[in-house]
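For reference, query.cif is printed below; it contains mmCIF, C-alpha atoms and all ligand atoms.
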data_target
loop_
_atom_site.label_atom_id
_atom_site.label_comp_id
_atom_site.auth_asym_id
_atom_site.auth_seq_id
_atom_site.Cartn_x
_atom_site.Cartn_y
_atom_site.Cartn_z
CA MET A 1288 0.00 0.00 0.00
CA THR A 1289 1.36 3.44 -0.95
CA ARG A 1290 1.51 5.73 2.04
CA ALA A 1291 0.70 9.40 1.74
CA PRO A 1292 3.60 11.81 2.35
CA LEU A 1293 3.45 13.99 5.43
CA SER A 1294 0.88 16.72 4.95
CA PRO A 1295 2.44 20.19 4.95
CA THR A 1296 -0.36 22.20 6.56
CA PRO A 1297 0.48 25.70 7.81
CA ARG A 1298 0.65 24.60 11.43
CA SER A 1299 2.81 21.57 10.66
CA THR A 1300 5.35 23.42 8.52
CA PRO A 1301 8.56 24.50 10.26
CA LYS A 1302 9.34 28.10 9.37
CA ARG A 1303 12.95 28.40 10.48
CA HIS A 1304 15.57 26.15 8.89
CA GLY A 1305 13.12 24.70 6.39
CA ASP A 1306 16.01 22.66 5.03
CA ARG A 1307 15.81 20.58 8.21
CA ALA A 1308 12.20 19.61 7.56
CA ARG A 1309 11.63 16.11 6.16
CA SER A 1310 8.55 14.65 4.51
CA ASP A 1311 9.41 10.96 4.35
CA ARG A 1312 7.00 8.83 6.36
CA ALA A 1313 9.57 6.08 6.83
CA GLU A 1314 11.89 8.59 8.51
CA LEU A 1315 9.03 9.77 10.71
CA ASP A 1316 8.20 6.19 11.69
CA ALA A 1317 11.85 5.49 12.51
CA VAL A 1318 11.98 8.40 14.96
CA LEU A 1319 8.70 7.36 16.59
CA ASP A 1320 9.92 3.78 16.87
CA GLU A 1321 13.29 4.75 18.37
CA GLY A 1322 11.84 7.19 20.91
CA LEU A 1323 10.62 5.79 24.20
CA ILE A 1324 8.48 8.61 25.52
CA CYS A 1325 6.56 11.51 24.07
CA HIS A 1326 5.28 14.81 25.35
CA LEU A 1327 1.54 15.38 25.00
CA GLY A 1328 0.35 18.97 24.81
CA PHE A 1329 -3.24 20.09 25.12
CA VAL A 1330 -5.30 22.91 26.61
CA ARG A 1331 -6.82 22.14 30.02
CA ASP A 1332 -9.09 24.64 31.72
CA GLY A 1333 -8.02 27.28 29.23
CA ALA A 1334 -4.29 26.88 29.79
CA PRO A 1335 -1.74 24.79 27.89
CA VAL A 1336 -0.19 21.80 29.61
CA VAL A 1337 2.50 19.44 28.32
CA LEU A 1338 2.89 16.03 29.93
CA PRO A 1339 5.42 13.24 29.36
CA THR A 1340 3.93 9.85 28.66
CA CYS A 1341 4.47 6.50 26.94
CA TYR A 1342 3.10 5.74 23.51
CA GLY A 1343 2.84 3.10 20.83
CA ARG A 1344 2.38 3.13 17.09
CA ASP A 1345 0.56 0.90 14.67
CA GLY A 1346 0.95 2.06 11.08
CA ASP A 1347 -0.30 5.62 10.85
CA THR A 1348 -1.89 5.70 14.29
CA LEU A 1349 -0.30 6.76 17.55
CA PHE A 1350 -1.71 5.43 20.83
CA LEU A 1351 -1.43 6.97 24.30
CA HIS A 1352 -2.86 5.61 27.53
CA GLY A 1353 -3.50 6.82 31.03
CA SER A 1354 -5.83 6.56 33.97
CA SER A 1355 -9.50 7.01 33.19
CA GLY A 1356 -9.87 8.82 36.54
CA ALA A 1357 -11.25 12.32 36.56
CA THR A 1358 -7.95 14.01 37.35
CA SER A 1359 -5.91 12.24 34.71
CA MET A 1360 -4.33 13.79 31.64
CA MET A 1361 -6.76 11.72 29.59
CA GLU A 1362 -9.68 13.67 31.00
CA GLY A 1363 -8.27 16.80 29.40
CA GLY A 1364 -7.11 15.01 26.29
CA LYS A 1365 -10.31 13.22 25.45
CA GLY A 1366 -11.59 14.10 22.02
CA VAL A 1367 -9.74 17.40 21.88
CA GLU A 1368 -6.96 18.82 19.76
CA VAL A 1369 -3.55 17.74 20.96
CA SER A 1370 0.04 18.00 19.90
CA VAL A 1371 2.49 15.19 20.54
CA CYS A 1372 6.26 15.57 20.35
CA VAL A 1373 8.97 12.90 20.26
CA THR A 1374 12.59 14.08 20.41
CA LEU A 1375 15.80 12.14 19.88
CA LEU A 1376 18.84 14.11 20.97
CA ASP A 1377 21.87 12.97 18.95
CA ALA A 1378 24.57 15.44 19.96
CA ILE A 1379 25.32 18.72 21.67
CA VAL A 1380 26.78 21.12 19.12
CA TYR A 1381 29.62 23.20 20.55
CA ALA A 1382 30.35 26.26 18.44
CA ARG A 1383 32.91 29.02 18.67
CA SER A 1384 30.18 31.47 19.62
CA VAL A 1385 27.52 30.71 22.22
CA PHE A 1386 25.04 32.07 19.68
CA ASN A 1387 25.76 29.14 17.39
CA HIS A 1388 25.65 26.42 20.03
CA SER A 1389 22.97 23.99 19.02
CA ALA A 1390 21.81 20.39 19.12
CA ASN A 1391 21.73 17.62 16.57
CA TYR A 1392 18.37 15.97 16.76
CA ARG A 1393 15.53 14.17 15.09
CA SER A 1394 12.15 15.37 16.28
CA VAL A 1395 8.54 14.73 15.40
CA VAL A 1396 5.55 16.95 16.12
CA VAL A 1397 2.08 15.48 15.55
CA HIS A 1398 -1.08 17.59 15.42
CA GLY A 1399 -4.60 16.26 15.56
CA ALA A 1400 -7.69 15.30 17.47
CA ALA A 1401 -7.21 12.67 20.14
CA ARG A 1402 -9.86 10.01 19.67
CA PRO A 1403 -10.80 8.04 22.79
CA LEU A 1404 -11.04 4.31 22.13
CA THR A 1405 -14.20 2.77 23.47
CA THR A 1406 -14.34 -0.94 22.73
CA ASP A 1407 -12.28 -3.52 24.60
CA VAL A 1408 -10.96 -4.88 21.31
CA GLU A 1409 -9.66 -1.45 20.24
CA LYS A 1410 -8.22 -0.73 23.67
CA LEU A 1411 -6.43 -4.09 23.90
CA HIS A 1412 -4.95 -3.60 20.45
CA ALA A 1413 -3.66 -0.15 21.43
CA LEU A 1414 -2.37 -1.34 24.79
CA GLU A 1415 -0.44 -4.10 23.05
CA ALA A 1416 1.15 -1.49 20.76
CA ILE A 1417 2.08 0.70 23.74
CA THR A 1418 3.42 -2.23 25.78
CA GLU A 1419 5.42 -3.67 22.92
CA HIS A 1420 6.88 -0.25 22.13
CA LEU A 1421 8.21 0.32 25.64
CA ALA A 1422 8.86 -3.27 26.68
CA PRO A 1423 8.96 -5.59 23.65
CA GLY A 1424 8.01 -9.13 24.61
CA SER A 1425 6.02 -8.16 27.70
CA TRP A 1426 2.59 -8.44 26.09
CA THR A 1427 2.96 -12.20 25.94
CA HIS A 1428 5.28 -12.65 28.97
CA ALA A 1429 3.23 -10.65 31.49
CA ARG A 1430 -0.42 -11.01 32.46
CA GLN A 1431 -2.67 -9.01 30.16
CA PRO A 1432 -5.24 -6.48 31.46
CA ASP A 1433 -8.33 -7.90 33.16
CA ARG A 1434 -11.73 -6.22 32.84
CA LYS A 1435 -11.20 -3.97 35.87
CA GLU A 1436 -7.78 -2.82 34.65
CA LEU A 1437 -9.14 -2.23 31.17
CA ALA A 1438 -11.97 -0.11 32.54
CA ALA A 1439 -9.47 1.92 34.57
CA THR A 1440 -7.39 2.66 31.48
CA ALA A 1441 -8.21 5.42 29.04
CA VAL A 1442 -6.68 5.04 25.59
CA LEU A 1443 -6.37 7.72 22.93
CA ALA A 1444 -5.65 7.33 19.23
CA ILE A 1445 -4.13 10.10 17.12
CA ASP A 1446 -3.85 9.76 13.37
CA LEU A 1447 -0.39 10.43 11.98
CA ILE A 1448 -1.76 12.56 9.18
CA GLU A 1449 -0.66 16.03 10.14
CA ALA A 1450 2.86 15.64 11.39
CA SER A 1451 6.26 17.20 10.92
CA LEU A 1452 9.77 15.84 11.16
CA LYS A 1453 12.80 18.05 11.64
CA VAL A 1454 16.39 16.83 11.62
CA ARG A 1455 19.65 18.61 12.37
CA THR A 1456 22.91 16.86 11.59
CA GLY A 1457 26.49 17.91 11.10
CA PRO A 1458 29.05 20.21 12.69
CA PRO A 1459 28.57 23.71 14.09
CA GLY A 1460 27.96 26.35 11.48
CA ASP A 1461 30.15 29.25 12.54
CA ASP A 1462 33.55 30.62 11.55
CA PRO A 1463 36.87 29.40 13.03
CA GLU A 1464 38.02 31.27 16.13
CA PRO A 1465 41.57 30.64 17.41
CA GLY A 1466 41.70 28.75 20.71
CA VAL A 1467 37.97 28.02 20.95
CA TRP A 1468 36.91 24.40 20.56
CA ALA A 1469 34.04 23.52 18.31
CA GLY A 1470 32.56 20.12 17.59
CA LEU A 1471 29.97 17.57 18.56
CA LEU A 1472 29.43 15.73 21.83
CA PRO A 1473 27.36 12.68 20.86
CA VAL A 1474 24.46 11.75 23.13
CA ARG A 1475 23.38 8.12 23.37
CA GLN A 1476 20.36 6.49 24.99
CA SER A 1477 21.27 3.04 26.27
CA PHE A 1478 19.94 0.34 28.57
CA GLY A 1479 21.70 -0.75 31.76
CA VAL A 1480 21.86 -4.18 33.36
CA PRO A 1481 18.35 -5.35 34.42
CA GLU A 1482 17.70 -5.14 38.18
CA SER A 1483 15.28 -7.84 39.31
CA ALA A 1484 12.51 -6.91 41.74
CA PRO A 1485 13.22 -8.22 45.27
CA ASP A 1486 10.35 -10.69 44.95
CA ALA A 1487 11.01 -11.78 41.36
CA ASP A 1488 11.28 -15.58 41.25
CA ILE A 1489 13.05 -15.88 37.91
CA ASP A 1490 16.01 -14.15 36.30
CA ALA A 1491 15.45 -11.43 33.72
CA PRO A 1492 14.17 -13.20 30.59
CA GLY A 1493 15.66 -12.99 27.13
CA HIS A 1494 13.33 -10.27 25.89
CA VAL A 1495 14.68 -7.96 28.63
CA VAL A 1496 18.36 -8.99 28.62
CA SER A 1497 18.58 -8.79 24.84
CA ARG A 1498 17.96 -5.05 24.97
CA LEU A 1499 21.45 -4.59 26.40
CA ALA A 1500 22.96 -5.62 23.08
C1 LIG A 1601 16.60 19.08 21.16
C2 LIG A 1601 16.16 20.34 20.44
C3 LIG A 1601 16.66 21.56 20.87
C4 LIG A 1601 16.26 22.74 20.24
N1 LIG A 1601 16.72 23.93 20.72
C5 LIG A 1601 16.27 25.07 20.17
C6 LIG A 1601 16.64 26.35 20.70
O1 LIG A 1601 17.34 26.43 21.70
N2 LIG A 1601 16.16 27.46 20.11
C7 LIG A 1601 15.33 27.39 19.02
O2 LIG A 1601 14.91 28.42 18.50
N3 LIG A 1601 14.98 26.21 18.49
C8 LIG A 1601 15.41 25.06 19.05
N4 LIG A 1601 15.01 23.86 18.53
C9 LIG A 1601 14.20 23.87 17.32
C10 LIG A 1601 12.73 24.11 17.67
O3 LIG A 1601 12.14 22.86 17.97
C11 LIG A 1601 11.98 24.73 16.48
O4 LIG A 1601 12.17 23.95 15.33
C12 LIG A 1601 12.44 26.15 16.27
O5 LIG A 1601 12.06 26.94 17.38
C13 LIG A 1601 11.92 26.78 15.00
O6 LIG A 1601 10.59 26.59 14.86
P1 LIG A 1601 9.86 27.18 13.58
O7 LIG A 1601 9.72 28.66 13.74
O8 LIG A 1601 10.49 26.68 12.34
O9 LIG A 1601 8.53 26.46 13.67
P2 LIG A 1601 7.20 26.98 14.35
O10 LIG A 1601 6.60 28.04 13.50
O11 LIG A 1601 7.42 27.28 15.79
O12 LIG A 1601 6.35 25.67 14.23
C14 LIG A 1601 5.57 25.36 13.07
C15 LIG A 1601 5.42 23.89 12.98
O13 LIG A 1601 6.65 23.31 12.56
C16 LIG A 1601 6.80 22.04 13.14
N5 LIG A 1601 8.05 22.03 13.91
C17 LIG A 1601 8.72 23.07 14.47
N6 LIG A 1601 9.81 22.66 15.09
C18 LIG A 1601 9.85 21.31 14.96
C19 LIG A 1601 10.73 20.32 15.41
N7 LIG A 1601 11.83 20.61 16.14
N8 LIG A 1601 10.47 19.03 15.08
C20 LIG A 1601 9.38 18.69 14.34
N9 LIG A 1601 8.51 19.61 13.90
C21 LIG A 1601 8.73 20.90 14.20
C22 LIG A 1601 5.59 21.81 14.05
O14 LIG A 1601 4.61 21.05 13.36
C23 LIG A 1601 5.12 23.21 14.32
O15 LIG A 1601 3.76 23.29 14.67
C24 LIG A 1601 15.39 22.68 19.14
C25 LIG A 1601 14.89 21.42 18.72
C26 LIG A 1601 15.27 20.28 19.36
C27 LIG A 1601 14.71 18.98 18.89
#

Any chance you could give the structure as structure tokens?
Amino acid sequence: MTRAPLSPTPRSTPKRHGDRARSDRAELDAVLDEGLICHLGFVRDGAPVVLPTCYGRDGDTLFLHGSSGATSMMEGGKGVEVSVCVTLLDAIVYARSVFNHSANYRSVVVHGAARPLTTDVEKLHALEAITEHLAPGSWTHARQPDRKELAATAVLAIDLIEASLKVRTGPPGDDPEPGVWAGLLPVRQSFGVPESAPDADIDAPGHVVSRLA
């Protein structure tokens, strides 16, 4: 199936450094799949709020979950316009001038209406995507949600139709200055050695340990 390119609407078009904007869906997917958390922005009680949260993706749909309780972020996010951001920081860019210090990054901003999922089938599908994104292998290793847990979980779907991807790569962009260092300090996200819960009765399984590789 041919996938539509990212839609360049006015609000999803970066104005500064347009050369850093990308329109390839595969590149967008790669950033979403490499990121572990997102930031969800929406307007609650007339004021903007941005909250960090986990997410999952299936094709061109992004899923977020949270408590269905009245005070949760999902209460504010239900059926309203949201913006979701995923950022991968690749390097700190040291320049000769502080003005030109920067960051190398790959970042995605998604705009759209958050659609609350209502059926158990839809919610389970989304929860599997979220679980497998954060902790691949856990959907089948761990116990899946029972009816009470499912009822306590609100799940939102956001279509990846109106989204932007911006990428900065390469060295600092200023002129040489004697005696002032310029360059990149790479930033890496990596996993540490698994730490078993005090009451765990088995060692960390392969789907956890393998993430160290
Ligand atoms: C780690 C990191 C650090 C940054 N530090 C700075 C900084 O210190 N100062 C600074 O001015 N900018 C910084 N940026 C870039 C910043 O995110 C904006 O791109 C920038 O402010 C210019 O926005 P704009 O005027 O082009 O877009 P705007 O007009 O503000 O936004 C229009 C639309 O463009 C899209 N868009 C804008 N920026 C991004 C993005 N980064 N990723 C994906 N889509 C985007 C969105 O859909 C947005 O709605 C940083 C980005 C990252 C990822």

Exercise for review: Let me have all residues with an atom within 9 Å of ligand LIG 1601 (chain A), counting all atoms listed in the file, laid out as a PyMOL selection string.
Suggested key: chain A and resi 1295-1305+1307-1309+1370+1372-1379+1388-1398+1449-1455

Check your understanding: Skipping near chain neighbours, those fewer than 3 positions away, what residues fall within 12 Å of A:His1420 using all atoms listed in the file, listed as an MDAnalysis selection string?
Key -> chainID A and resid 1319:1325 1341:1345 1349:1351 1413:1417 1423:1426

Exercise for review: Give me, please, the distance in Å between atom CA of A:Ile1445 and atom CA of A:Glu1368, quoted to one decimal.
Suggested key: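 If I compute the distance from atom CA of A:Ile1445 to atom CA of A:Glu1368, I get 9.5 Å.
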
**Study point:** Which of A:Gly1346, A:Gly1328, A:Gly1333, A:Gly1353 sits closest to A:Glu1436 [using all atoms listed in the file]
**Key:**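 Closest candidate: A:Gly1353.
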
Check your understanding: Hey, which of A:Ser1384, A:Thr1418, A:Thr1427, A:Thr1440 ends up closest to A:Thr1406? Count all atoms listed in the file.
Key ->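 Selected residue with least distance to A:Thr1406: A:Thr1440.
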
Study note, to complete from the structure: Students should find that atom CA of A:Leu1327 and atom CA of A:Asp1306 are spaced 25.7 Å

Check your understanding: Which one of A:Leu1472, A:Ala1491, A:Val1480, A:Val1467 sits closest to A:Arg1383 if you count only C-alpha atoms?
Key -> A:Val1467

Point to revise | Atom-to-atom span, atom CA of A:Arg1331 and atom CA of A:Val1367, Å | key: 9.9 Å

Exercise for review: Find the residue from A:Ala1439, A:Ala1469, A:Ala1422, A:Ile1448 that sits nearest to A:Pro1492; use all atoms listed in the file when measuring.
Suggested key: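 Between A:Ala1439, A:Ala1469, A:Ala1422, A:Ile1448, the residue approaching A:Pro1492 most closely is A:Ala1422.
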
Could you work out an axis-aligned box for stretch 1302-1318 of chain A, taking every atom the file lists and adding 4 Å on each side, and report centre and edge lengths in Å to one decimal, as JSON?
{"center_x": 11.5, "center_y": 16.9, "center_z": 9.7, "size_x": 17.0, "size_y": 30.9, "size_z": 18.6}

Check your understanding: Counting all atoms listed in the file, which of A:Leu1421, A:Leu1499, A:Ala1382, A:Leu1404 gets nearest to A:Pro1463?
Key ->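 Counting all atoms listed in the file, the residue closest to A:Pro1463 is A:Ala1382.
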